[in-house]
Amino acid sequence: MKTILGYLLTPLYHFYFGMVLVVFHPVQVAAHRLFGDPARKRVVDFLNGALVKGLSIMGCKMSFAGFEKVPENRPIVIVSNHQSLYDIPAVVYGFRKYYPRFISKVELSRNLPSISYNLRHGKSALIDRKNGTQSVKEIFKLGQLIAENNHAACIFPEGTRSKTGAVGKFMTGGIHTLLRAAPSAIIVPFVINGHSQLTKKGLFPLQFGQRITYTVLDPVEPEDKPIEELVNEVRIAIERAITQ
C-alpha cells in the first residue's frame, strides 16, 4: 500500500512544492520592495515552513529537537549532513530565529522562483566552484556578515548529497574560512535523518510514510583546535546520531 501511495501522491507533492515557490515569489519581492529585508525574511520563513510541513502529503512524520541548545547573541556556523534538496527548507525554518544563510553555487541565484531571489537578497555566499579565489572571498564575506550581526551560516561540508544517508567525508575549507572571518562563532552540528529514505528511488516515486527528524546536537567550541580535528569531531557526532 505504501508503494501505491508513493506513486499516487508524489505528483501531488511536487505540484504543491512548485506552487509554493511560484506563489511566494511575488510576495517575497513585494515585501522586500515595500517594507525592507525584515519583511522579506518573514515571508521566506513562512515559505520554508510551508515546504517542510508539505511533506505530510507524503505521510511523513517530522520532528524538530534540540534547538534550545543553540546559544544566543553570538555567530553560529551550522554544520549539517546533506541528504536531499529538502534539507535547506528544514534549516531555514528550524533556525529562522538566527537568519541562516548558505554557501551556494552561483548558478542557483538565477531563474528559480523564490529560491534565487532569497539567495541574492539574503546575502548568501554565491560561489563559482571553478574559481577558488572568488569562492574563498564570498565565504569570508559571509563569515564577516554573521560575525557583525550574530547570525548563522549553514554549510554542508560533504559537498554533495548522500543518496544512502551514510555520512561522507567532511571537507574543511569552507568551515575554516567561516571561522577565520568569525572567530567568535560556535559550531552547531545539525542532523537531518530520513530524507535519504524519502528519496531512496529518486524524486519519483518518493517513499510514503517516512519518519524524518531534524536534531541539533551539543554545540562545539572551536577554541584552538586544529581544523581537521574540529571538523572530524563534528562529523563523528553527526554520524553517531544517525546510526543510533
# chains A, B, ... in the order shown; residues from 1 in each chain; ligands from 1

call {"tool": "closest_atom_pairs", "arguments": {"of": "region 17-55 of chain A", "to": "region 118-141 of chain A", "cutoff": "8 Å", "atoms": "only C-alpha atoms", "output": "Markdown table"}}
result
| residue | atom | partner | partner_atom | distance |
| --- | --- | --- | --- | --- |
| A:Asp37 | CA | A:Gly122 | CA | 8.0 |
| A:Lys41 | CA | A:Gly122 | CA | 7.8 |
| A:Val44 | CA | A:Asn118 | CA | 7.4 |

call {"tool": "residues_around", "arguments": {"residues": "Phe95 (chain A)", "least_positions_apart": "6", "cutoff": "12 Å", "atoms": "only C-alpha atoms", "output": "tab-separated table (two decimals) with C-alpha atoms, in the first residue's frame"}}
result
chain	number	residue	atom	x	y	z
A	45	ASP	CA	10.41	31.82	6.90
A	48	ASN	CA	10.05	27.29	4.10
A	49	GLY	CA	7.72	26.30	6.90
A	64	PHE	CA	12.50	19.12	15.40
A	65	ALA	CA	14.61	18.69	18.54
A	66	GLY	CA	17.50	20.29	20.40
A	67	PHE	CA	17.03	23.89	19.30
A	68	GLU	CA	17.12	25.04	22.91
A	69	LYS	CA	20.86	24.22	22.78
A	70	VAL	CA	21.60	26.97	20.26
A	71	PRO	CA	23.33	29.84	22.08
A	72	GLU	CA	22.07	33.40	21.87
A	76	ILE	CA	26.68	30.40	14.55
A	77	VAL	CA	28.14	28.02	11.97
A	78	ILE	CA	25.57	25.30	11.30
A	88	ILE	CA	17.50	23.54	3.02
A	89	PRO	CA	13.87	24.34	3.93
A	101	ARG	CA	22.44	31.93	5.14
A	151	HIS	CA	23.50	35.45	12.61
A	152	ALA	CA	24.00	31.92	11.28
A	153	ALA	CA	25.72	30.43	8.25
A	154	CYS	CA	24.94	26.88	7.17
A	188	VAL	CA	26.22	23.85	15.85
A	190	PHE	CA	22.69	19.62	12.77
A	214	TYR	CA	15.88	17.35	12.47
A	215	THR	CA	18.15	17.44	15.50
A	216	VAL	CA	20.55	19.98	16.95

call {"tool": "closest_residue", "arguments": {"among": "A:Val220, A:Ile192, A:Leu230, A:Leu198", "to": "His176 (chain A)", "atoms": "only C-alpha atoms"}}
result
A:Leu230

call {"tool": "closest_residue", "arguments": {"among": "A:Leu8, A:Ala50, A:Ile236, A:Leu179", "to": "Val20 (chain A)", "atoms": "only C-alpha atoms"}}
result
A:Ala50

call {"tool": "residues_around", "arguments": {"residues": "region 14-17 of chain A", "least_positions_apart": "2", "cutoff": "9 Å", "atoms": "only C-alpha atoms", "output": "NGL selection string"}}
result
:A and (9-12 or 19-22 or 50-51 or 54 or 203)

call {"tool": "select_by_dssp", "arguments": {"residues": "region 14-133 of chain A", "states": "strand (DSSP E or B)", "output": "list in words"}}
result
Lys61, Met62, Ser63, Phe64, Ala65, Ile76, Val77, Ile78, Val79, Ser80, Pro100, Arg101, Phe102, Ile103, Ser104, Lys105, Ala125, Leu126 and Ile127 of chain A

call {"tool": "write_last_selection", "arguments": {"atoms": "C-alpha atoms", "output": "CSV table (one decimal), in the first residue's frame"}}
result
chain,number,residue,atom,x,y,z
A,61,LYS,CA,6.1,12.5,10.3
A,62,MET,CA,8.6,15.3,11.0
A,63,SER,CA,10.1,16.4,14.3
A,64,PHE,CA,12.5,19.1,15.4
A,65,ALA,CA,14.6,18.7,18.5
A,76,ILE,CA,26.7,30.4,14.5
A,77,VAL,CA,28.1,28.0,12.0
A,78,ILE,CA,25.6,25.3,11.3
A,79,VAL,CA,27.4,22.2,10.1
A,80,SER,CA,24.9,19.6,8.6
A,100,PRO,CA,20.6,31.3,8.4
A,101,ARG,CA,22.4,31.9,5.1
A,102,PHE,CA,24.1,29.4,2.8
A,103,ILE,CA,27.1,28.7,0.7
A,104,SER,CA,25.5,28.1,-2.7
A,105,LYS,CA,26.5,27.6,-6.3
A,125,ALA,CA,27.7,33.2,-0.3
A,126,LEU,CA,27.3,32.6,-4.1
A,127,ILE,CA,30.4,30.8,-5.2

call {"tool": "atom_distance", "arguments": {"atom1": "CA of Ala31 (chain A)", "atom2": "CA of Val43 (chain A)"}}
result
7.5 Å

call {"tool": "residues_around", "arguments": {"residues": "Ile175 (chain A)", "least_positions_apart": "3", "cutoff": "8 Å", "atoms": "only C-alpha atoms", "output": "MDAnalysis selection string"}}
result
chainID A and resid 77 155 157 172 178:179 231

call {"tool": "write_last_selection", "arguments": {"atoms": "N, CA and C atoms", "output": "JSON list (two decimals), in the first residue's frame"}}
result
[["chain", "number", "residue", "atom", "x", "y", "z"],
["A", 77, "VAL", "N", 27.85, 28.77, 13.20],
["A", 77, "VAL", "CA", 28.14, 28.02, 11.97],
["A", 77, "VAL", "C", 27.41, 26.69, 12.10],
["A", 155, "ILE", "N", 26.55, 25.28, 6.40],
["A", 155, "ILE", "CA", 27.43, 24.65, 5.42],
["A", 155, "ILE", "C", 27.19, 23.14, 5.44],
["A", 157, "PRO", "N", 29.34, 20.26, 4.58],
["A", 157, "PRO", "CA", 30.75, 20.02, 4.22],
["A", 157, "PRO", "C", 31.00, 18.75, 3.43],
["A", 172, "THR", "N", 37.17, 20.59, 4.91],
["A", 172, "THR", "CA", 37.43, 21.56, 5.96],
["A", 172, "THR", "C", 37.47, 23.01, 5.49],
["A", 178, "LEU", "N", 35.01, 30.32, 7.28],
["A", 178, "LEU", "CA", 33.98, 30.97, 8.10],
["A", 178, "LEU", "C", 34.51, 31.30, 9.49],
["A", 179, "LEU", "N", 35.26, 30.38, 10.08],
["A", 179, "LEU", "CA", 35.77, 30.61, 11.43],
["A", 179, "LEU", "C", 36.87, 31.67, 11.45],
["A", 231, "VAL", "N", 36.67, 19.48, 12.69],
["A", 231, "VAL", "CA", 35.69, 19.02, 11.71],
["A", 231, "VAL", "C", 35.42, 17.53, 11.88]]

call {"tool": "decode", "arguments": {"residues": "region 100-238 of chain A", "atoms": "C-alpha atoms", "output": "CSV table (one decimal), in the first residue's frame"}}
result
chain,number,residue,atom,x,y,z
A,100,PRO,CA,20.6,31.3,8.4
A,101,ARG,CA,22.4,31.9,5.1
A,102,PHE,CA,24.1,29.4,2.8
A,103,ILE,CA,27.1,28.7,0.7
A,104,SER,CA,25.5,28.1,-2.7
A,105,LYS,CA,26.5,27.6,-6.3
A,106,VAL,CA,26.2,30.9,-8.1
A,107,GLU,CA,24.0,29.1,-10.7
A,108,LEU,CA,21.2,28.8,-8.2
A,109,SER,CA,21.0,32.6,-7.9
A,110,ARG,CA,19.2,32.7,-11.2
A,111,ASN,CA,15.9,31.5,-12.7
A,112,LEU,CA,14.5,29.7,-9.6
A,113,PRO,CA,11.3,31.2,-8.2
A,114,SER,CA,11.6,32.3,-4.6
A,115,ILE,CA,15.0,30.5,-4.1
A,116,SER,CA,17.2,32.6,-6.4
A,117,TYR,CA,15.7,35.9,-5.0
A,118,ASN,CA,16.3,34.8,-1.5
A,119,LEU,CA,19.9,33.7,-2.2
A,120,ARG,CA,20.7,37.1,-3.7
A,121,HIS,CA,18.9,39.4,-1.4
A,122,GLY,CA,19.5,37.3,1.7
A,123,LYS,CA,23.3,37.8,1.1
A,124,SER,CA,24.2,34.1,1.0
A,125,ALA,CA,27.7,33.2,-0.3
A,126,LEU,CA,27.3,32.6,-4.1
A,127,ILE,CA,30.4,30.8,-5.2
A,128,ASP,CA,31.8,29.8,-8.6
A,129,ARG,CA,33.2,26.3,-8.0
A,130,LYS,CA,35.7,26.8,-10.9
A,131,ASN,CA,37.1,29.9,-9.2
A,132,GLY,CA,38.7,29.1,-5.9
A,133,THR,CA,39.7,32.7,-5.1
A,134,GLN,CA,36.2,34.0,-5.7
A,135,SER,CA,34.8,31.2,-3.5
A,136,VAL,CA,37.0,31.9,-0.6
A,137,LYS,CA,36.2,35.7,-0.8
A,138,GLU,CA,32.5,35.0,-0.8
A,139,ILE,CA,32.6,32.6,2.1
A,140,PHE,CA,34.8,35.0,4.1
A,141,LYS,CA,32.4,37.8,3.4
A,142,LEU,CA,29.6,35.6,4.7
A,143,GLY,CA,31.6,34.9,7.8
A,144,GLN,CA,32.1,38.6,8.4
A,145,LEU,CA,28.3,39.2,8.0
A,146,ILE,CA,27.3,36.6,10.6
A,147,ALA,CA,30.0,38.0,13.0
A,148,GLU,CA,28.7,41.5,12.7
A,149,ASN,CA,25.0,40.5,13.2
A,150,ASN,CA,25.2,37.3,15.4
A,151,HIS,CA,23.5,35.4,12.6
A,152,ALA,CA,24.0,31.9,11.3
A,153,ALA,CA,25.7,30.4,8.3
A,154,CYS,CA,24.9,26.9,7.2
A,155,ILE,CA,27.4,24.6,5.4
A,156,PHE,CA,27.1,21.1,4.1
A,157,PRO,CA,30.7,20.0,4.2
A,158,GLU,CA,30.2,16.8,2.4
A,159,GLY,CA,29.8,18.9,-0.7
A,160,THR,CA,27.2,16.7,-2.3
A,161,ARG,CA,24.0,14.8,-1.2
A,162,SER,CA,24.3,11.4,0.3
A,163,LYS,CA,21.9,9.0,-1.6
A,164,THR,CA,22.2,6.3,1.1
A,165,GLY,CA,22.1,8.5,4.2
A,166,ALA,CA,25.7,7.5,5.1
A,167,VAL,CA,27.8,10.5,6.2
A,168,GLY,CA,30.5,11.2,3.7
A,169,LYS,CA,33.9,12.9,4.2
A,170,PHE,CA,33.7,16.4,5.5
A,171,MET,CA,35.8,19.0,3.7
A,172,THR,CA,37.4,21.6,6.0
A,173,GLY,CA,38.0,24.6,3.7
A,174,GLY,CA,34.6,26.3,4.0
A,175,ILE,CA,34.3,25.8,7.8
A,176,HIS,CA,37.9,27.1,8.2
A,177,THR,CA,37.2,30.2,6.2
A,178,LEU,CA,34.0,31.0,8.1
A,179,LEU,CA,35.8,30.6,11.4
A,180,ARG,CA,38.6,32.9,10.3
A,181,ALA,CA,36.1,35.5,9.4
A,182,ALA,CA,34.0,35.0,12.5
A,183,PRO,CA,36.4,33.9,15.3
A,184,SER,CA,33.8,34.2,18.0
A,185,ALA,CA,31.4,31.8,16.2
A,186,ILE,CA,30.3,28.5,17.7
A,187,ILE,CA,29.7,25.4,15.6
A,188,VAL,CA,26.2,23.8,15.8
A,189,PRO,CA,26.0,20.3,14.4
A,190,PHE,CA,22.7,19.6,12.8
A,191,VAL,CA,21.5,16.1,11.9
A,192,ILE,CA,19.0,15.5,9.1
A,193,ASN,CA,17.7,12.0,9.1
A,194,GLY,CA,15.1,10.5,6.8
A,195,HIS,CA,15.4,12.5,3.7
A,196,SER,CA,17.6,9.9,2.0
A,197,GLN,CA,14.9,7.2,2.8
A,198,LEU,CA,12.3,9.5,1.3
A,199,THR,CA,14.2,9.8,-1.9
A,200,LYS,CA,15.5,6.2,-2.0
A,201,LYS,CA,14.3,5.8,-5.6
A,202,GLY,CA,14.9,9.4,-6.6
A,203,LEU,CA,12.3,12.1,-6.9
A,204,PHE,CA,9.8,9.6,-8.3
A,205,PRO,CA,8.3,8.0,-6.5
A,206,LEU,CA,9.0,9.4,-3.1
A,207,GLN,CA,8.6,6.9,-0.4
A,208,PHE,CA,5.4,7.3,1.6
A,209,GLY,CA,5.3,7.3,5.4
A,210,GLN,CA,8.9,8.1,6.3
A,211,ARG,CA,9.9,9.4,9.7
A,212,ILE,CA,12.1,12.5,9.4
A,213,THR,CA,14.0,14.1,12.3
A,214,TYR,CA,15.9,17.4,12.5
A,215,THR,CA,18.1,17.4,15.5
A,216,VAL,CA,20.6,20.0,16.9
A,217,LEU,CA,23.5,18.3,18.8
A,218,ASP,CA,25.6,19.9,21.5
A,219,PRO,CA,27.4,23.0,20.1
A,220,VAL,CA,31.1,22.7,19.7
A,221,GLU,CA,33.5,25.5,20.7
A,222,PRO,CA,36.3,25.8,18.1
A,223,GLU,CA,38.8,27.1,20.6
A,224,ASP,CA,42.3,26.5,19.3
A,225,LYS,CA,41.7,23.0,17.9
A,226,PRO,CA,43.3,22.1,14.6
A,227,ILE,CA,40.6,22.4,11.9
A,228,GLU,CA,40.9,18.8,10.8
A,229,GLU,CA,40.4,17.6,14.4
A,230,LEU,CA,37.5,20.0,14.9
A,231,VAL,CA,35.7,19.0,11.7
A,232,ASN,CA,36.3,15.3,12.4
A,233,GLU,CA,34.8,15.7,15.9
A,234,VAL,CA,31.6,17.3,14.4
A,235,ARG,CA,31.4,14.6,11.7
A,236,ILE,CA,31.7,11.8,14.2
A,237,ALA,CA,28.9,13.3,16.4
A,238,ILE,CA,26.6,13.6,13.4
